[in-house]
file coords-v7.txt (compact mmCIF, C-alpha atoms)
# COMPACT_ATOMS: atom_id res chain seq x y z
CA MET B 1 14.96 -6.04 -11.38
CA LYS B 2 14.35 -6.06 -7.63
CA ILE B 3 11.51 -4.64 -5.56
CA ILE B 4 12.28 -3.43 -2.02
CA VAL B 5 9.24 -3.12 0.25
CA PRO B 6 9.62 -1.53 3.70
CA MET B 7 6.56 -2.55 5.74
CA ALA B 8 7.75 -2.63 9.35
CA GLY B 9 5.38 0.01 10.75
CA ARG B 10 2.19 -1.03 12.53
CA GLY B 11 0.00 1.70 11.03
CA SER B 12 -1.35 3.69 13.98
CA ARG B 13 -3.75 5.67 11.76
CA LEU B 14 -5.56 2.46 10.80
CA ARG B 15 -6.23 1.25 14.32
CA PRO B 16 -7.95 -0.87 15.60
CA HIS B 17 -7.47 -2.97 12.46
CA SER B 18 -3.68 -2.69 12.44
CA LEU B 19 -3.43 -3.80 16.09
CA THR B 20 -3.89 -7.42 15.06
CA VAL B 21 -3.14 -7.46 11.33
CA PRO B 22 -0.10 -5.70 9.82
CA LYS B 23 -1.42 -2.72 7.88
CA PRO B 24 0.05 -3.86 4.52
CA LEU B 25 -1.89 -7.13 4.84
CA ILE B 26 -5.29 -5.51 5.33
CA PRO B 27 -7.34 -6.43 2.25
CA VAL B 28 -8.55 -3.98 -0.36
CA ALA B 29 -10.96 -5.45 -2.94
CA GLY B 30 -10.25 -8.87 -1.48
CA LYS B 31 -6.46 -8.82 -1.67
CA PRO B 32 -3.87 -7.51 0.85
CA ILE B 33 -2.58 -4.00 0.12
CA VAL B 34 1.02 -5.14 -0.30
CA HIS B 35 0.00 -7.94 -2.69
CA ARG B 36 -1.83 -5.47 -4.93
CA LEU B 37 0.97 -2.90 -4.77
CA VAL B 38 3.76 -5.31 -5.69
CA ALA B 39 1.73 -6.92 -8.49
CA ASP B 40 0.82 -3.49 -9.92
CA ILE B 41 4.46 -2.33 -9.84
CA ALA B 42 5.58 -5.54 -11.55
CA GLY B 43 2.97 -4.88 -14.25
CA VAL B 44 4.14 -1.29 -14.78
CA LEU B 45 7.80 -2.31 -15.01
CA ASN B 46 7.05 -5.05 -17.55
CA GLN B 47 10.35 -6.72 -16.60
CA ASP B 48 11.30 -9.95 -14.93
CA ILE B 49 11.42 -9.56 -11.14
CA GLU B 50 14.27 -11.59 -9.69
CA GLU B 51 13.89 -10.69 -6.03
CA ILE B 52 11.40 -9.01 -3.71
CA ALA B 53 12.90 -7.89 -0.40
CA PHE B 54 10.42 -7.28 2.41
CA ILE B 55 11.48 -5.34 5.51
CA LEU B 56 9.27 -6.45 8.39
CA GLY B 57 8.99 -5.42 12.02
CA ASP B 58 8.90 -7.44 15.23
CA PRO B 59 8.45 -11.20 14.57
CA ALA B 60 5.84 -11.23 17.34
CA PHE B 61 3.62 -9.13 15.06
CA PHE B 62 4.99 -9.95 11.60
CA GLY B 63 5.02 -13.68 12.27
CA ASP B 64 5.40 -16.88 10.28
CA ASP B 65 1.98 -16.47 8.64
CA VAL B 66 3.05 -13.08 7.26
CA VAL B 67 6.35 -14.49 5.98
CA GLU B 68 4.49 -17.36 4.32
CA SER B 69 2.09 -15.02 2.53
CA LEU B 70 4.98 -12.88 1.25
CA ASN B 71 6.87 -15.93 0.02
CA GLU B 72 3.74 -16.94 -1.88
CA LEU B 73 3.41 -13.44 -3.35
CA ALA B 74 7.00 -13.48 -4.62
CA ALA B 75 6.56 -16.96 -6.06
CA GLU B 76 3.46 -15.85 -7.97
CA LEU B 77 5.64 -13.25 -9.70
CA GLY B 78 8.47 -15.69 -10.38
CA ALA B 79 10.76 -14.02 -7.85
CA LYS B 80 12.73 -14.94 -4.77
CA ALA B 81 11.52 -13.47 -1.47
CA SER B 82 14.07 -12.07 0.96
CA ILE B 83 12.90 -11.26 4.49
CA TYR B 84 14.61 -8.64 6.62
CA ARG B 85 13.72 -7.12 9.99
CA GLN B 86 13.66 -3.55 11.24
CA LEU B 87 13.29 -4.04 14.98
CA GLU B 88 13.37 -0.35 15.92
CA PRO B 89 11.35 2.43 14.21
CA LYS B 90 14.29 4.53 13.01
CA GLY B 91 12.84 5.85 9.77
CA THR B 92 12.63 5.11 6.06
CA GLY B 93 16.36 5.36 5.39
CA HIS B 94 17.16 2.96 8.22
CA ALA B 95 14.45 0.53 7.04
CA ILE B 96 15.95 0.36 3.56
CA MET B 97 19.42 -0.27 4.98
CA CYS B 98 18.06 -3.23 6.92
CA ALA B 99 17.88 -4.91 3.48
CA GLU B 100 21.51 -4.05 2.75
CA PRO B 101 22.43 -7.45 1.20
CA SER B 102 19.74 -6.92 -1.47
CA LEU B 103 20.70 -3.34 -2.35
CA SER B 104 22.43 -3.83 -5.68
CA GLY B 105 21.46 -3.43 -9.32
CA PRO B 106 18.21 -1.92 -10.62
CA ALA B 107 15.46 -1.76 -8.02
CA VAL B 108 12.15 -0.20 -7.12
CA ILE B 109 11.54 0.87 -3.52
CA ALA B 110 7.86 1.07 -2.58
CA TYR B 111 6.17 1.77 0.75
CA ALA B 112 3.28 -0.58 1.35
CA ASP B 113 0.52 1.84 2.32
CA THR B 114 -0.48 3.07 -1.11
CA LEU B 115 -1.88 1.69 -4.35
CA ILE B 116 -1.39 2.98 -7.88
CA ARG B 117 -2.66 2.73 -11.43
CA ALA B 118 -0.02 3.65 -13.97
CA ASP B 119 1.08 2.98 -17.52
CA PHE B 120 4.44 4.38 -18.60
CA ASP B 121 7.98 3.37 -19.54
CA LEU B 122 10.86 4.07 -17.20
CA ASP B 123 13.32 6.69 -18.43
CA LYS B 124 16.39 4.53 -19.10
CA GLU B 125 18.65 7.61 -19.21
CA ALA B 126 17.84 8.62 -15.64
CA ASP B 127 19.79 7.42 -12.62
CA ALA B 128 16.56 7.33 -10.66
CA VAL B 129 12.83 7.93 -11.04
CA ILE B 130 10.49 9.22 -8.36
CA TRP B 131 6.82 8.41 -8.87
CA THR B 132 4.59 11.46 -8.45
CA LYS B 133 0.93 12.45 -8.75
CA LYS B 134 -0.49 15.86 -9.61
CA VAL B 135 -2.43 17.16 -6.59
CA LYS B 136 -4.66 20.15 -5.92
CA ASN B 137 -3.13 20.94 -2.50
CA PRO B 138 0.64 20.46 -2.81
CA GLU B 139 1.23 22.26 0.48
CA ALA B 140 0.02 19.09 2.22
CA TYR B 141 2.64 16.84 0.59
CA GLY B 142 6.28 16.42 -0.19
CA VAL B 143 6.74 17.68 -3.77
CA VAL B 144 9.46 17.71 -6.41
CA ASN B 145 11.03 20.81 -7.93
CA LEU B 146 11.92 20.43 -11.63
CA ASN B 147 14.38 22.31 -13.82
CA GLU B 148 13.89 23.27 -17.48
CA LYS B 149 14.96 19.74 -18.52
CA GLU B 150 12.16 18.22 -16.40
CA GLU B 151 14.78 16.83 -14.04
CA ILE B 152 14.16 16.72 -10.30
CA VAL B 153 16.54 19.11 -8.58
CA GLU B 154 14.91 19.38 -5.16
CA LEU B 155 12.56 17.63 -2.76
CA VAL B 156 10.46 20.00 -0.67
CA GLU B 157 8.34 18.81 2.24
CA LYS B 158 4.97 20.58 2.61
CA PRO B 159 6.02 23.83 0.89
CA GLU B 160 4.55 27.04 2.27
CA THR B 161 4.89 28.71 -1.13
CA PHE B 162 4.22 27.01 -4.46
CA VAL B 163 7.03 24.80 -5.76
CA SER B 164 5.12 22.35 -7.94
CA ASP B 165 1.94 20.30 -7.87
CA GLN B 166 3.75 16.94 -8.29
CA ALA B 167 3.51 15.09 -4.98
CA VAL B 168 5.89 12.27 -4.04
CA ILE B 169 3.88 9.10 -3.46
CA GLY B 170 6.56 6.86 -1.92
CA ILE B 171 7.66 4.74 -4.89
CA TYR B 172 11.17 5.09 -6.34
CA TYR B 173 13.26 3.46 -9.09
CA PHE B 174 17.06 3.36 -8.96
CA LYS B 175 19.12 2.22 -11.94
CA ASP B 176 21.67 1.00 -9.39
CA VAL B 177 20.33 1.00 -5.85
CA SER B 178 23.83 0.46 -4.46
CA VAL B 179 24.40 4.18 -5.07
CA LEU B 180 21.53 4.96 -2.71
CA LYS B 181 22.94 2.40 -0.25
CA LYS B 182 26.26 4.23 -0.20
CA GLU B 183 24.61 7.57 0.52
CA LEU B 184 22.29 6.13 3.18
CA GLN B 185 25.28 4.52 4.87
CA PHE B 186 26.81 8.02 5.07
CA VAL B 187 23.55 9.28 6.57
CA LEU B 188 23.63 6.57 9.24
CA ASP B 189 27.37 6.88 9.94
CA ASN B 190 27.09 10.63 10.39
CA ASN B 191 23.84 10.48 12.37
CA ILE B 192 21.96 12.73 9.93
CA ILE B 193 18.46 12.79 11.42
CA ASN B 194 15.31 14.63 10.34
CA GLY B 195 12.07 14.38 12.27
CA GLY B 196 13.83 12.12 14.76
CA GLU B 197 14.58 9.47 12.09
CA TYR B 198 16.91 8.52 9.27
CA GLN B 199 15.15 9.49 6.05
CA ILE B 200 15.45 8.18 2.47
CA ASN B 201 15.27 11.80 1.29
CA ASP B 202 18.66 12.57 2.85
CA GLY B 203 20.22 9.81 0.78
CA ILE B 204 18.43 11.04 -2.35
CA LYS B 205 19.57 14.62 -1.74
CA ARG B 206 23.18 13.42 -1.55
CA MET B 207 22.73 11.63 -4.88
CA MET B 208 21.37 14.82 -6.44
CA ALA B 209 24.28 16.83 -5.04
CA ASP B 210 26.60 14.33 -6.72
CA GLY B 211 24.98 15.05 -10.08
CA LYS B 212 22.75 12.00 -10.40
CA ILE B 213 19.80 12.54 -12.76
CA PHE B 214 16.33 12.10 -11.26
CA LYS B 215 13.17 12.10 -13.38
CA THR B 216 9.47 11.76 -12.55
CA GLY B 217 7.17 8.87 -13.32
CA THR B 218 3.60 10.12 -13.10
CA VAL B 219 0.81 7.78 -12.05
CA SER B 220 -2.78 8.19 -13.19
CA GLU B 221 -4.23 7.05 -9.86
CA TRP B 222 -2.79 7.22 -6.36
CA MET B 223 -4.87 5.60 -3.66
CA ASP B 224 -3.93 5.95 -0.02
CA CYS B 225 -4.59 3.36 2.68
CA GLY B 226 -3.53 5.53 5.59
CA ASN B 227 -6.71 5.49 7.67
CA LYS B 228 -10.14 3.93 7.72
CA GLU B 229 -11.90 6.58 5.62
CA VAL B 230 -9.39 6.65 2.76
CA THR B 231 -8.99 2.84 2.84
CA VAL B 232 -12.74 2.42 2.30
CA GLU B 233 -12.55 4.99 -0.52
CA THR B 234 -9.59 3.14 -2.05
CA ASN B 235 -11.54 -0.12 -1.85
CA GLN B 236 -14.36 1.55 -3.78
CA ARG B 237 -12.05 2.87 -6.48
CA MET B 238 -10.15 -0.42 -6.83
CA LEU B 239 -13.38 -2.41 -7.17
CA GLY B 240 -14.41 -0.04 -9.94
CA PHE B 241 -11.13 -0.53 -11.82
CA LEU B 242 -11.25 -4.32 -11.47
CA HIS B 243 -14.90 -4.44 -12.54
CA GLU B 244 -14.10 -2.41 -15.67
CA ALA B 245 -11.28 -4.87 -16.42
CA ASN B 246 -13.74 -7.78 -16.10
CA GLU B 247 -11.74 -9.42 -13.34
CA PRO B 248 -13.69 -12.13 -11.48
CA LEU B 249 -14.56 -10.74 -8.05
CA ILE B 250 -17.37 -12.96 -6.75
CA SER B 251 -16.59 -16.53 -5.72
CA GLU B 252 -18.72 -19.31 -7.16
CA LYS B 253 -18.66 -20.93 -3.72
CA ILE B 254 -21.09 -18.67 -1.87
CA ILE B 255 -24.58 -19.24 -0.53
CA THR B 256 -27.33 -16.72 -1.16
CA GLU B 257 -30.86 -16.88 0.20
CA ASN B 258 -33.31 -14.15 -0.77
CA SER B 259 -30.41 -11.76 -1.29
CA GLU B 260 -29.20 -9.30 -3.92
CA ILE B 261 -25.63 -8.48 -4.98
CA ILE B 262 -25.11 -5.09 -6.60
CA LYS B 263 -21.82 -4.96 -8.50
CA PRO B 264 -19.04 -4.11 -8.25
CA CYS B 265 -18.34 -6.22 -5.17
CA PHE B 266 -15.73 -8.64 -3.96
CA ILE B 267 -17.26 -11.67 -2.23
CA GLY B 268 -14.95 -14.39 -0.98
CA GLU B 269 -15.33 -18.14 -0.83
CA GLY B 270 -17.77 -19.53 1.72
CA VAL B 271 -19.68 -16.27 2.26
CA VAL B 272 -23.34 -16.71 3.26
CA LEU B 273 -25.90 -14.02 2.41
CA LYS B 274 -29.43 -14.29 3.86
CA ASN B 275 -32.19 -11.73 3.34
CA SER B 276 -29.59 -9.12 2.54
CA VAL B 277 -28.46 -6.61 -0.07
CA VAL B 278 -24.71 -6.34 -0.62
CA GLY B 279 -23.11 -3.65 -2.75
CA PRO B 280 -22.20 -1.70 -4.58
CA PHE B 281 -18.54 -1.32 -3.56
CA ALA B 282 -18.54 -3.90 -0.76
CA SER B 283 -15.67 -6.31 -0.09
CA ILE B 284 -16.70 -9.36 1.92
CA GLY B 285 -13.98 -11.73 3.14
CA LYS B 286 -14.22 -15.52 3.02
CA GLY B 287 -16.39 -17.32 5.57
CA THR B 288 -18.38 -14.22 6.53
CA VAL B 289 -22.14 -14.47 7.20
CA ILE B 290 -24.47 -11.54 6.50
CA GLU B 291 -28.11 -11.80 7.56
CA ASP B 292 -31.02 -9.34 7.37
CA SER B 293 -28.64 -6.54 6.44
CA THR B 294 -27.70 -3.98 3.83
CA VAL B 295 -23.96 -3.50 3.24
CA LYS B 296 -22.46 -1.08 0.73
CA ASN B 297 -19.21 0.83 0.30
CA SER B 298 -17.62 -1.18 3.09
CA ILE B 299 -14.84 -3.65 3.89
CA ILE B 300 -15.82 -6.71 5.91
CA GLN B 301 -12.98 -9.13 6.52
CA THR B 302 -13.02 -12.91 7.09
CA ASN B 303 -15.17 -15.15 9.29
CA THR B 304 -17.27 -12.28 10.58
CA THR B 305 -21.01 -12.26 11.31
CA ILE B 306 -23.21 -9.27 10.43
CA LYS B 307 -26.88 -9.25 11.46
CA ASN B 308 -29.67 -6.65 11.41
CA ALA B 309 -27.37 -3.96 10.12
CA VAL B 310 -27.42 -1.10 7.64
CA LEU B 311 -23.76 -0.43 6.89
CA SER B 312 -22.16 2.19 4.68
CA ASN B 313 -18.59 3.47 4.90
CA ALA B 314 -17.85 0.68 7.38
CA MET B 315 -14.69 -1.30 8.03
CA ILE B 316 -14.97 -4.45 10.16
CA GLY B 317 -12.18 -6.89 10.93
CA ASN B 318 -11.83 -10.67 11.14
CA HIS B 319 -13.84 -12.91 13.49
CA ALA B 320 -16.02 -9.97 14.55
CA HIS B 321 -19.73 -10.06 15.47
CA PHE B 322 -21.90 -7.08 14.65
CA ASP B 323 -25.59 -6.86 15.43
CA GLY B 324 -27.22 -3.46 15.33
CA ASN B 325 -28.16 -0.46 13.32
CA PHE B 326 -24.91 1.53 13.35
CA THR B 327 -24.08 3.00 9.93
CA ASN B 328 -20.51 4.31 10.14
CA VAL B 329 -18.32 1.72 11.82
CA SER B 330 -14.66 0.81 12.29
CA ILE B 331 -14.03 -2.21 14.51
CA GLY B 332 -11.14 -4.62 14.53
CA ASP B 333 -10.58 -8.35 14.86
CA TYR B 334 -12.60 -10.33 17.41
CA SER B 335 -14.66 -7.24 18.32
CA GLN B 336 -18.39 -7.36 19.08
CA LEU B 337 -21.13 -4.76 18.78
CA LYS B 338 -24.58 -6.08 19.66
call {"tool": "encode", "arguments": {"input": "coords-v7.txt", "output": "structure tokens"}}
result
Amino acid sequence: MKIIVPMAGRGSRLRPHSLTVPKPLIPVAGKPIVHRLVADIAGVLNQDIEEIAFILGDPAFFGDDVVESLNELAAELGAKASIYRQLEPKGTGHAIMCAEPSLSGPAVIAYADTLIRADFDLDKEADAVIWTKKVKNPEAYGVVNLNEKEEIVELVEKPETFVSDQAVIGIYYFKDVSVLKKELQFVLDNNIINGGEYQINDGIKRMMADGKIFKTGTVSEWMDCGNKEVTVETNQRMLGFLHEANEPLISEKIITENSEIIKPCFIGEGVVLKNSVVGPFASIGKGTVIEDSTVKNSIIQTNTTIKNAVLSNAMIGNHAHFDGNFTNVSIGDYSQLK
């Protein structure tokens, strides 16, 4: 089994954080989004992963440190990492085709801006599976249309009239991904463009027209990391799941002075807490110092200093300095608010 992970976009909705750190590497509950996503997919598949292909953007942004972290991620799962580049933002279909040498055999394609919780077996009779989640407002999403056999017969983007309440979440399984490669090559060769880009959906629609069987794989939880507000909410939900699973979240190598930790929290190695209350639902990156502050339901990244603050629903980047009484904050790396 292979996992194909397009992650070339810079994530404009998560600025300023994604100006300096690729969006898929922004941490949720102490671990980069893409690391959690790939590990969760590997757990759902319950199969050996032979290769993980990452499609990155400009090397000036997705540099050697990013490549190193992805190699480590693949190694942790016993897989080989393959690194490809999409140097121009030409859409999801184009991004996948940038990994053309890896597009063979069974594979999962997953976009690295979402997290899932799921427990199901893949339908081995299907040619492909599209992961979906039941939503209350399907008109805001791309949804699948099913026939009486529960097979996907149509993909509909933001339907004006009700089609179904099963929203496409951006994770796909192909029994043989080379079939998708063939159809996407046709899309590129014939310049089939939607929304100004080459889309994976156009390749999928060609597979459906050729009679390929698509089924749904429904996830129990779908957590978005598209902007600051939903990323903080996803951090809260993920901390709750990990706490229930009794996963260790607080490093033994922290210093606390007259401080209280209210679980669930993630607290990284080398964190210093002085005269502060942290939690619940706070993620504090390694090397961060928090003094005379209250921090809850927030993401604070690495080597940052927080003083005299009451923070809730906050997201603060790496190497930042924050001193004040703001309560709803989103600042990126090396920023200062005093």
call {"tool": "closest_residue", "arguments": {"input": "coords-v7.txt", "among": "B:Ile4, B:Val44, B:Leu115, B:Val179", "to": "Ala99 of chain B", "atoms": "only C-alpha atoms"}}
result
B:Ile4
call {"tool": "closest_residue", "arguments": {"input": "coords-v7.txt", "among": "B:Thr234, B:Ser102, B:Asn46, B:Ser69", "to": "Tyr84 of chain B", "atoms": "all atoms listed in the file"}}
result
B:Ser102
call {"tool": "closest_residue", "arguments": {"input": "coords-v7.txt", "among": "B:Asp113, B:Asp189, B:Glu76, B:Glu100", "to": "Leu37 of chain B", "atoms": "only C-alpha atoms"}}
result
B:Asp113
call {"tool": "closest_residue", "arguments": {"input": "coords-v7.txt", "among": "B:Thr132, B:Gln185, B:Asn194, B:Asn318", "to": "Tyr173 of chain B", "atoms": "only C-alpha atoms"}}
result
B:Thr132
call {"tool": "residues_around", "arguments": {"input": "coords-v7.txt", "residues": "Asn191 of chain B", "least_positions_apart": "6", "cutoff": "12 Å", "atoms": "only C-alpha atoms", "output": "MDAnalysis selection string"}}
result
chainID B and resid 90 93:94 184:185 197:199 202
call {"tool": "closest_residue", "arguments": {"input": "coords-v7.txt", "among": "B:Met207, B:Ala282, B:Ile109, B:Val156", "to": "Gly240 of chain B", "atoms": "only C-alpha atoms"}}
result
B:Ala282
call {"tool": "closest_residue", "arguments": {"input": "coords-v7.txt", "among": "B:Ala140, B:Ala74, B:Val38, B:Leu87", "to": "Ala110 of chain B", "atoms": "all atoms listed in the file"}}
result
B:Val38
call {"tool": "residues_around", "arguments": {"input": "coords-v7.txt", "residues": "Lys31 of chain B", "least_positions_apart": "2", "cutoff": "12 Å", "atoms": "all atoms listed in the file", "output": "PDB file with C-alpha atoms, keeping the file's coordinate frame"}}
result
ATOM      1  CA  PRO B  24       0.050  -3.860   4.520  1.00  0.00           C
ATOM      2  CA  LEU B  25      -1.890  -7.130   4.840  1.00  0.00           C
ATOM      3  CA  ILE B  26      -5.290  -5.510   5.330  1.00  0.00           C
ATOM      4  CA  PRO B  27      -7.340  -6.430   2.250  1.00  0.00           C
ATOM      5  CA  VAL B  28      -8.550  -3.980  -0.360  1.00  0.00           C
ATOM      6  CA  ALA B  29     -10.960  -5.450  -2.940  1.00  0.00           C
ATOM      7  CA  ILE B  33      -2.580  -4.000   0.120  1.00  0.00           C
ATOM      8  CA  VAL B  34       1.020  -5.140  -0.300  1.00  0.00           C
ATOM      9  CA  HIS B  35       0.000  -7.940  -2.690  1.00  0.00           C
ATOM     10  CA  ARG B  36      -1.830  -5.470  -4.930  1.00  0.00           C
ATOM     11  CA  LEU B  37       0.970  -2.900  -4.770  1.00  0.00           C
ATOM     12  CA  VAL B  38       3.760  -5.310  -5.690  1.00  0.00           C
ATOM     13  CA  ALA B  39       1.730  -6.920  -8.490  1.00  0.00           C
ATOM     14  CA  SER B  69       2.090 -15.020   2.530  1.00  0.00           C
ATOM     15  CA  LEU B  73       3.410 -13.440  -3.350  1.00  0.00           C
ATOM     16  CA  LEU B 115      -1.880   1.690  -4.350  1.00  0.00           C
ATOM     17  CA  ASN B 235     -11.540  -0.120  -1.850  1.00  0.00           C
ATOM     18  CA  MET B 238     -10.150  -0.420  -6.830  1.00  0.00           C
ATOM     19  CA  LEU B 239     -13.380  -2.410  -7.170  1.00  0.00           C
ATOM     20  CA  LEU B 242     -11.250  -4.320 -11.470  1.00  0.00           C
ATOM     21  CA  LEU B 249     -14.560 -10.740  -8.050  1.00  0.00           C
ATOM     22  CA  PHE B 266     -15.730  -8.640  -3.960  1.00  0.00           C
ATOM     23  CA  ILE B 267     -17.260 -11.670  -2.230  1.00  0.00           C
ATOM     24  CA  GLY B 268     -14.950 -14.390  -0.980  1.00  0.00           C
ATOM     25  CA  SER B 283     -15.670  -6.310  -0.090  1.00  0.00           C
ATOM     26  CA  ILE B 284     -16.700  -9.360   1.920  1.00  0.00           C
ATOM     27  CA  GLY B 285     -13.980 -11.730   3.140  1.00  0.00           C
ATOM     28  CA  LYS B 286     -14.220 -15.520   3.020  1.00  0.00           C
ATOM     29  CA  ILE B 299     -14.840  -3.650   3.890  1.00  0.00           C
ATOM     30  CA  GLN B 301     -12.980  -9.130   6.520  1.00  0.00           C
ATOM     31  CA  THR B 302     -13.020 -12.910   7.090  1.00  0.00           C
TER      32      THR B 302
END
call {"tool": "atom_distance", "arguments": {"input": "coords-v7.txt", "atom1": "atom CA of Ser298 of chain B", "atom2": "atom CA of Arg117 of chain B"}}
result
21.2 Å
call {"tool": "decode", "arguments": {"input": "coords-v7.txt", "residues": "segment 105-116 of chain B", "atoms": "N, CA, C and O atoms", "output": "PDB file, in the first residue's frame"}}
result
ATOM      1  N   GLY B 105      -0.356   0.550  -8.322  1.00  0.00           N
ATOM      2  CA  GLY B 105      -0.791  -0.322  -7.250  1.00  0.00           C
ATOM      3  C   GLY B 105      -1.795   0.344  -6.323  1.00  0.00           C
ATOM      4  O   GLY B 105      -2.269   1.454  -6.565  1.00  0.00           O
ATOM      5  N   PRO B 106      -2.145  -0.318  -5.222  1.00  0.00           N
ATOM      6  CA  PRO B 106      -3.112   0.253  -4.281  1.00  0.00           C
ATOM      7  C   PRO B 106      -2.535   1.456  -3.556  1.00  0.00           C
ATOM      8  O   PRO B 106      -1.371   1.440  -3.136  1.00  0.00           O
ATOM      9  N   ALA B 107      -3.350   2.496  -3.416  1.00  0.00           N
ATOM     10  CA  ALA B 107      -2.843   3.732  -2.807  1.00  0.00           C
ATOM     11  C   ALA B 107      -3.976   4.535  -2.207  1.00  0.00           C
ATOM     12  O   ALA B 107      -5.119   4.499  -2.677  1.00  0.00           O
ATOM     13  N   VAL B 108      -3.634   5.274  -1.169  1.00  0.00           N
ATOM     14  CA  VAL B 108      -4.517   6.280  -0.588  1.00  0.00           C
ATOM     15  C   VAL B 108      -3.956   7.656  -0.935  1.00  0.00           C
ATOM     16  O   VAL B 108      -2.753   7.889  -0.811  1.00  0.00           O
ATOM     17  N   ILE B 109      -4.821   8.543  -1.384  1.00  0.00           N
ATOM     18  CA  ILE B 109      -4.453   9.942  -1.622  1.00  0.00           C
ATOM     19  C   ILE B 109      -5.136  10.767  -0.541  1.00  0.00           C
ATOM     20  O   ILE B 109      -6.344  10.652  -0.327  1.00  0.00           O
ATOM     21  N   ALA B 110      -4.354  11.587   0.164  1.00  0.00           N
ATOM     22  CA  ALA B 110      -4.899  12.363   1.280  1.00  0.00           C
ATOM     23  C   ALA B 110      -4.319  13.765   1.275  1.00  0.00           C
ATOM     24  O   ALA B 110      -3.094  13.936   1.222  1.00  0.00           O
ATOM     25  N   TYR B 111      -5.190  14.759   1.337  1.00  0.00           N
ATOM     26  CA  TYR B 111      -4.747  16.153   1.402  1.00  0.00           C
ATOM     27  C   TYR B 111      -4.475  16.539   2.842  1.00  0.00           C
ATOM     28  O   TYR B 111      -5.272  16.260   3.744  1.00  0.00           O
ATOM     29  N   ALA B 112      -3.344  17.194   3.048  1.00  0.00           N
ATOM     30  CA  ALA B 112      -2.789  17.353   4.402  1.00  0.00           C
ATOM     31  C   ALA B 112      -3.308  18.586   5.127  1.00  0.00           C
ATOM     32  O   ALA B 112      -2.540  19.337   5.730  1.00  0.00           O
ATOM     33  N   ASP B 113      -4.608  18.826   5.084  1.00  0.00           N
ATOM     34  CA  ASP B 113      -5.163  19.933   5.865  1.00  0.00           C
ATOM     35  C   ASP B 113      -6.380  19.473   6.667  1.00  0.00           C
ATOM     36  O   ASP B 113      -7.234  20.271   7.040  1.00  0.00           O
ATOM     37  N   THR B 114      -6.435  18.179   6.936  1.00  0.00           N
ATOM     38  CA  THR B 114      -7.569  17.636   7.662  1.00  0.00           C
ATOM     39  C   THR B 114      -7.100  16.477   8.522  1.00  0.00           C
ATOM     40  O   THR B 114      -6.080  15.849   8.234  1.00  0.00           O
ATOM     41  N   LEU B 115      -7.820  16.204   9.597  1.00  0.00           N
ATOM     42  CA  LEU B 115      -7.533  15.065  10.451  1.00  0.00           C
ATOM     43  C   LEU B 115      -8.799  14.245  10.620  1.00  0.00           C
ATOM     44  O   LEU B 115      -9.914  14.784  10.535  1.00  0.00           O
ATOM     45  N   ILE B 116      -8.635  12.959  10.859  1.00  0.00           N
ATOM     46  CA  ILE B 116      -9.794  12.070  10.932  1.00  0.00           C
ATOM     47  C   ILE B 116      -9.689  11.144  12.139  1.00  0.00           C
ATOM     48  O   ILE B 116      -8.620  10.957  12.710  1.00  0.00           O
TER      49      ILE B 116
END
